[in-house]
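A.B. asks: Structure incoming, see below.
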Amino acid sequence: MPPLNLGNQPPKTPLDAEHAWRATAARAADVVFFFDFDGTLAPVDDDPTAVQPAPKVLAALEALAPRVRRIAIVSARPVEFLRDHLGGLAGIDLYGLYGLEHSHSGGETVTEPAALPWVPTMAELAEQARAELPPGALVEFKRLSVALHWRTAPQLGELVQEWGRQRAERLGLRCQAGRMVLELKPPVDRDKGMVIGEAVRDACGAWYFGDDVSDIKAFAALRARAAADPDFVGVCVAVANPETGHEVADAADLTLDSPAALADFLTQALPHLP
């Protein structure tokens, strides 16, 4: 059983994995499971294009899916990337780019209309970043956002962040900090917390698994839903990492060691679900 992590948050219900699974089993058909992708389902890689789900993760999700109401992936990645990397898993919802894109149960990808006018700006920004940032900084263009990575050149972190924040201020963009990455996004009100808040309005429970600071907003959405409805079961699970792990774990109920540990955690829980 993963260690209980109370952090500095208010009392949580349930308080440990055993009680969480027990409460989930009682209402499994109306519980939604949400997962971040990078660092949660898949180990982080120096090359973001080379990331793959951890062994046994896809099998665990496939086994879990028919036992619960819904499985959803909520990620900074585009929907098409998620679809390509989830091995054809059927019947799951995909929320890409912090909710600027979504696809339900394998359907078409829908883009937030307010974000579309920003595509040319993002393309130009990516070109500028590649031309102006020094070697070692990696520029990831995602159509609706640009991610500036310095994982392979940690000494560039301060420079890359300063460059990104200056461009964001100049262009009216928003910044999302992450694990050795700064992402520049359109000024559109969509984030993981909003996605989760909307998706659990009529659910009886939800779990969220995440590893980065953007996932804390998702945790907060589950806390808010539980505060409004004492019968709602919300469980927040952090996946440990050396960059943002402490901050995320402090906001979670449980902490897992790695994406591989997440796969084992889900697999071991399956007998507890109807």
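Here's how to read the names in the structure tokens: chain A, B, ... by the order shown, residue numbers from 1 in each chain, ligand numbers from 1 in the order shown.
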Excluding Arg170 (chain A) and residues on its chain fewer than 4 positions from it, collect all residues at most 12 Å away from it, counting only C-alpha atoms, and give them as JSON, numbers by chain.

C.D. replies: {"A": [121, 125, 163, 164, 165, 166, 174, 184]}

A.B. asks: Residues near region 243-248 of chain A, anyone? I mean within 9 Å using only C-alpha atoms, not counting same-chain ones fewer than 6 positions away, as an mmCIF file with C-alpha atoms, in the first residue's frame.

C.D. replies:
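Result file selection-v6.cif:
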```
data_model
loop_
_atom_site.group_PDB
_atom_site.id
_atom_site.type_symbol
_atom_site.label_atom_id
_atom_site.label_comp_id
_atom_site.auth_asym_id
_atom_site.auth_seq_id
_atom_site.Cartn_x
_atom_site.Cartn_y
_atom_site.Cartn_z
ATOM 1 C CA GLY A 178 6.420 22.325 -15.266
ATOM 2 C CA ARG A 179 9.204 19.812 -14.800
ATOM 3 C CA MET A 180 12.166 21.623 -16.403
ATOM 4 C CA GLY A 210 -0.673 13.421 -11.530
ATOM 5 C CA ASP A 211 2.952 14.412 -11.040
ATOM 6 C CA ASP A 212 3.326 18.104 -11.893
ATOM 7 C CA VAL A 213 2.230 21.494 -10.597
ATOM 8 C CA ASP A 215 -2.128 18.725 -11.633
ATOM 9 C CA ILE A 216 -2.620 20.544 -8.333
ATOM 10 C CA VAL A 237 -2.670 10.598 -6.043
#
```

A.B. asks: Would you mind listing, for every residue of region 142-226 of chain A within 10 Å of region 45-65 of chain A, the two atoms forming the shortest contact and the distance between them in Å to one decimal, using only C-alpha atoms, sorted by chain and ascending residue number, as JSON lines?

C.D. replies:
```
{"residue": "A:His149", "atom": "CA", "partner": "A:Pro48", "partner_atom": "CA", "distance": 9.0}
{"residue": "A:Trp150", "atom": "CA", "partner": "A:Asp46", "partner_atom": "CA", "distance": 9.0}
{"residue": "A:Arg151", "atom": "CA", "partner": "A:Asp46", "partner_atom": "CA", "distance": 6.2}
{"residue": "A:Thr152", "atom": "CA", "partner": "A:Asp46", "partner_atom": "CA", "distance": 6.2}
{"residue": "A:Ala153", "atom": "CA", "partner": "A:Asp46", "partner_atom": "CA", "distance": 9.9}
```

A.B. asks: Please identify all polymer residues within 9 Å of region 135-143 of chain A, counting only C-alpha atoms, omitting same-chain residues fewer than 2 positions from it, and present them as a PyMOL selection string.

C.D. replies: chain A and resi 47-49+77-78+97+118-120+122-123+125-127+129-130+133+145-154+156-157+160

A.B. asks: Using C-alpha atoms, can you export the residues from the last selection as a short mmCIF file (atom, residue, chain, number, x, y, z; two decimals), in the first residue's frame?

C.D. replies:
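Output contents, as saved in result-v5.cif:
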```
data_model
loop_
_atom_site.label_atom_id
_atom_site.label_comp_id
_atom_site.auth_asym_id
_atom_site.auth_seq_id
_atom_site.Cartn_x
_atom_site.Cartn_y
_atom_site.Cartn_z
CA ASP A 47 13.34 13.73 -25.73
CA PRO A 48 9.61 14.47 -25.30
CA THR A 49 8.87 12.81 -28.65
CA ARG A 77 0.05 16.81 -24.87
CA PRO A 78 -2.13 17.24 -27.97
CA LEU A 97 -3.32 20.85 -24.09
CA TRP A 118 -3.67 31.90 -31.68
CA VAL A 119 -2.29 29.12 -33.91
CA PRO A 120 -0.26 31.49 -36.16
CA MET A 122 2.29 29.97 -31.65
CA ALA A 123 3.91 28.91 -34.92
CA LEU A 125 6.83 31.91 -31.46
CA ALA A 126 8.23 28.42 -32.00
CA GLU A 127 10.33 29.68 -34.91
CA ALA A 129 12.51 30.24 -29.94
CA ARG A 130 14.46 27.89 -32.21
CA LEU A 133 17.52 30.16 -27.70
CA SER A 145 1.10 26.06 -27.32
CA VAL A 146 4.89 26.10 -27.27
CA ALA A 147 6.88 24.23 -24.62
CA LEU A 148 10.43 25.31 -23.85
CA HIS A 149 12.48 22.46 -22.33
CA TRP A 150 15.90 22.58 -20.66
CA ARG A 151 16.09 19.03 -19.27
CA THR A 152 19.26 18.18 -21.19
CA ALA A 153 20.85 21.54 -20.34
CA PRO A 154 19.87 22.46 -16.76
CA LEU A 156 19.91 27.11 -19.32
CA GLY A 157 16.85 26.99 -17.08
CA VAL A 160 14.94 29.93 -21.05
#
```

A.B. asks: Rank nothing, just name the residue among A:Ala240, A:Ala206, A:Arg201, A:Gly106 nearest to Ala23 (chain A), using only C-alpha atoms.

C.D. replies: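 Smallest distance to Ala23 (chain A) is found for A:Ala206.
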
A.B. asks: Find the spatial neighbours of region 70-74 of chain A, counting only C-alpha atoms, within a cut-off of 7 Å - ignore same-chain residues fewer than 3 positions away - and output them as a ChimeraX atom specification.

C.D. replies: /A:31-37,65,92-96,98,192

A.B. asks: So which residues of region 19-264 of chain A fall under helix (DSSP H, G or I) by DSSP, listed as a PyMOL selection string?

C.D. replies: chain A and resi 19-25+28-30+48-50+57-67+79-85+97-99+113-132+154-171+192-199+215-228+245-250+259-264

A.B. asks: Residues at most 9 Å from Arg27 (chain A), counting only C-alpha atoms, excluding those fewer than 3 positions away in the same chain, as a list in words?

C.D. replies: Ala23, Thr24, Asp30, Val31, Val68, Cys204 and Gly205 of chain A

A.B. asks: Restricting the calculation to only C-alpha atoms: of A:Ala252, A:Ala20, A:Ala227, A:Val44, which residue gets closest to Val181 (chain A)?

C.D. replies: A:Val44

A.B. asks: If you run DSSP over the backbone, which residues in region 15-225 of chain A end up strand (DSSP E or B)? Put them as an MDAnalysis selection string.

C.D. replies: chainID A and resid 31:35 38 42 70:74 93:96 101:103 110:111 138:141 146:149 174:178 181:185 205:210

A.B. asks: Next, the residues of the selection above should be written as a compact mmCIF listing (two decimals), in the first residue's frame with N, CA and C atoms.

C.D. replies:
```txt
# COMPACT_ATOMS: atom_id res chain seq x y z
N VAL A 31 -17.85 6.22 -10.85
CA VAL A 31 -16.58 6.85 -10.48
C VAL A 31 -15.73 7.03 -11.74
N VAL A 32 -15.15 8.23 -11.88
CA VAL A 32 -14.30 8.55 -13.02
C VAL A 32 -12.84 8.52 -12.58
N PHE A 33 -11.98 7.94 -13.40
CA PHE A 33 -10.54 7.91 -13.14
C PHE A 33 -9.83 8.80 -14.15
N PHE A 34 -9.11 9.80 -13.64
CA PHE A 34 -8.37 10.75 -14.47
C PHE A 34 -6.86 10.52 -14.30
N PHE A 35 -6.13 10.61 -15.41
CA PHE A 35 -4.68 10.42 -15.38
C PHE A 35 -4.00 11.49 -16.22
N ASP A 38 2.47 12.45 -19.11
CA ASP A 38 3.91 12.51 -18.85
C ASP A 38 4.20 12.51 -17.36
N ALA A 42 3.56 7.66 -18.09
CA ALA A 42 4.80 7.43 -18.83
C ALA A 42 5.97 8.12 -18.15
N ARG A 70 -15.83 5.84 -16.18
CA ARG A 70 -15.08 6.43 -17.28
C ARG A 70 -13.61 6.55 -16.90
N ILE A 71 -12.73 6.43 -17.91
CA ILE A 71 -11.32 6.75 -17.76
C ILE A 71 -11.02 7.92 -18.69
N ALA A 72 -10.29 8.89 -18.18
CA ALA A 72 -9.94 10.06 -18.98
C ALA A 72 -8.47 10.40 -18.78
N ILE A 73 -7.81 10.80 -19.85
CA ILE A 73 -6.44 11.29 -19.80
C ILE A 73 -6.49 12.80 -19.94
N VAL A 74 -5.86 13.51 -19.02
CA VAL A 74 -5.88 14.97 -19.03
C VAL A 74 -4.42 15.42 -19.06
N ASP A 93 -11.74 9.01 -22.63
CA ASP A 93 -11.79 10.41 -23.02
C ASP A 93 -10.38 10.99 -22.99
N LEU A 94 -10.08 11.83 -23.95
CA LEU A 94 -8.77 12.47 -24.04
C LEU A 94 -8.95 13.98 -23.99
N TYR A 95 -8.26 14.61 -23.04
CA TYR A 95 -8.24 16.06 -22.93
C TYR A 95 -6.80 16.50 -23.16
N GLY A 96 -6.54 17.17 -24.26
CA GLY A 96 -5.20 17.58 -24.59
C GLY A 96 -4.98 19.06 -24.37
N GLU A 101 -8.14 21.00 -26.20
CA GLU A 101 -8.64 19.99 -27.14
C GLU A 101 -9.29 18.86 -26.34
N HIS A 102 -10.27 18.18 -26.95
CA HIS A 102 -10.81 16.97 -26.31
C HIS A 102 -11.39 16.04 -27.36
N SER A 103 -11.42 14.79 -26.99
CA SER A 103 -12.03 13.74 -27.80
C SER A 103 -12.67 12.75 -26.85
N VAL A 110 -12.03 17.94 -30.84
CA VAL A 110 -12.70 19.23 -30.82
C VAL A 110 -11.76 20.24 -30.17
N THR A 111 -11.57 21.38 -30.80
CA THR A 111 -10.69 22.43 -30.29
C THR A 111 -11.51 23.56 -29.71
N LEU A 138 15.26 22.84 -25.91
CA LEU A 138 14.41 22.12 -26.86
C LEU A 138 13.08 22.82 -26.97
N VAL A 139 12.65 23.10 -28.19
CA VAL A 139 11.39 23.80 -28.45
C VAL A 139 10.38 22.80 -28.99
N GLU A 140 9.27 22.64 -28.28
CA GLU A 140 8.21 21.70 -28.67
C GLU A 140 6.98 22.50 -29.10
N PHE A 141 6.66 22.48 -30.39
CA PHE A 141 5.51 23.19 -30.93
C PHE A 141 4.30 22.25 -30.92
N VAL A 146 3.48 26.35 -27.03
CA VAL A 146 4.89 26.10 -27.27
C VAL A 146 5.54 25.79 -25.93
N ALA A 147 6.19 24.64 -25.85
CA ALA A 147 6.88 24.23 -24.62
C ALA A 147 8.38 24.40 -24.80
N LEU A 148 9.00 25.06 -23.84
CA LEU A 148 10.43 25.31 -23.85
C LEU A 148 11.09 24.44 -22.79
N HIS A 149 11.87 23.44 -23.23
CA HIS A 149 12.48 22.46 -22.33
C HIS A 149 13.97 22.76 -22.13
N ARG A 174 -0.11 33.15 -21.70
CA ARG A 174 -0.01 32.66 -20.33
C ARG A 174 1.10 31.64 -20.22
N CYS A 175 1.73 31.60 -19.06
CA CYS A 175 2.83 30.66 -18.81
C CYS A 175 2.37 29.55 -17.87
N GLN A 176 2.77 28.33 -18.18
CA GLN A 176 2.54 27.20 -17.31
C GLN A 176 3.88 26.55 -17.00
N ALA A 177 4.31 26.64 -15.74
CA ALA A 177 5.57 26.02 -15.34
C ALA A 177 5.38 24.51 -15.20
N GLY A 178 6.47 23.77 -15.40
CA GLY A 178 6.42 22.33 -15.27
C GLY A 178 7.79 21.78 -14.91
N VAL A 181 10.44 22.67 -17.72
CA VAL A 181 9.80 23.15 -18.94
C VAL A 181 8.94 24.36 -18.58
N LEU A 182 8.86 25.29 -19.51
CA LEU A 182 7.93 26.41 -19.41
C LEU A 182 7.08 26.38 -20.67
N GLU A 183 5.77 26.34 -20.49
CA GLU A 183 4.87 26.26 -21.63
C GLU A 183 4.13 27.58 -21.78
N LEU A 184 4.08 28.09 -23.02
CA LEU A 184 3.37 29.33 -23.34
C LEU A 184 2.08 28.97 -24.04
N LYS A 185 0.96 29.51 -23.53
CA LYS A 185 -0.37 29.13 -23.99
C LYS A 185 -1.19 30.37 -24.32
N GLY A 205 -17.93 9.94 -7.59
CA GLY A 205 -16.56 9.86 -7.10
C GLY A 205 -15.58 10.00 -8.24
N ALA A 206 -14.33 10.31 -7.90
CA ALA A 206 -13.29 10.43 -8.92
C ALA A 206 -11.91 10.28 -8.28
N TRP A 207 -11.00 9.73 -9.05
CA TRP A 207 -9.58 9.68 -8.69
C TRP A 207 -8.82 10.51 -9.71
N TYR A 208 -7.77 11.19 -9.26
CA TYR A 208 -6.89 11.90 -10.20
C TYR A 208 -5.44 11.53 -9.86
N PHE A 209 -4.69 11.12 -10.89
CA PHE A 209 -3.28 10.75 -10.75
C PHE A 209 -2.44 11.76 -11.53
N GLY A 210 -1.50 12.44 -10.85
CA GLY A 210 -0.67 13.42 -11.53
C GLY A 210 0.67 13.60 -10.85
```
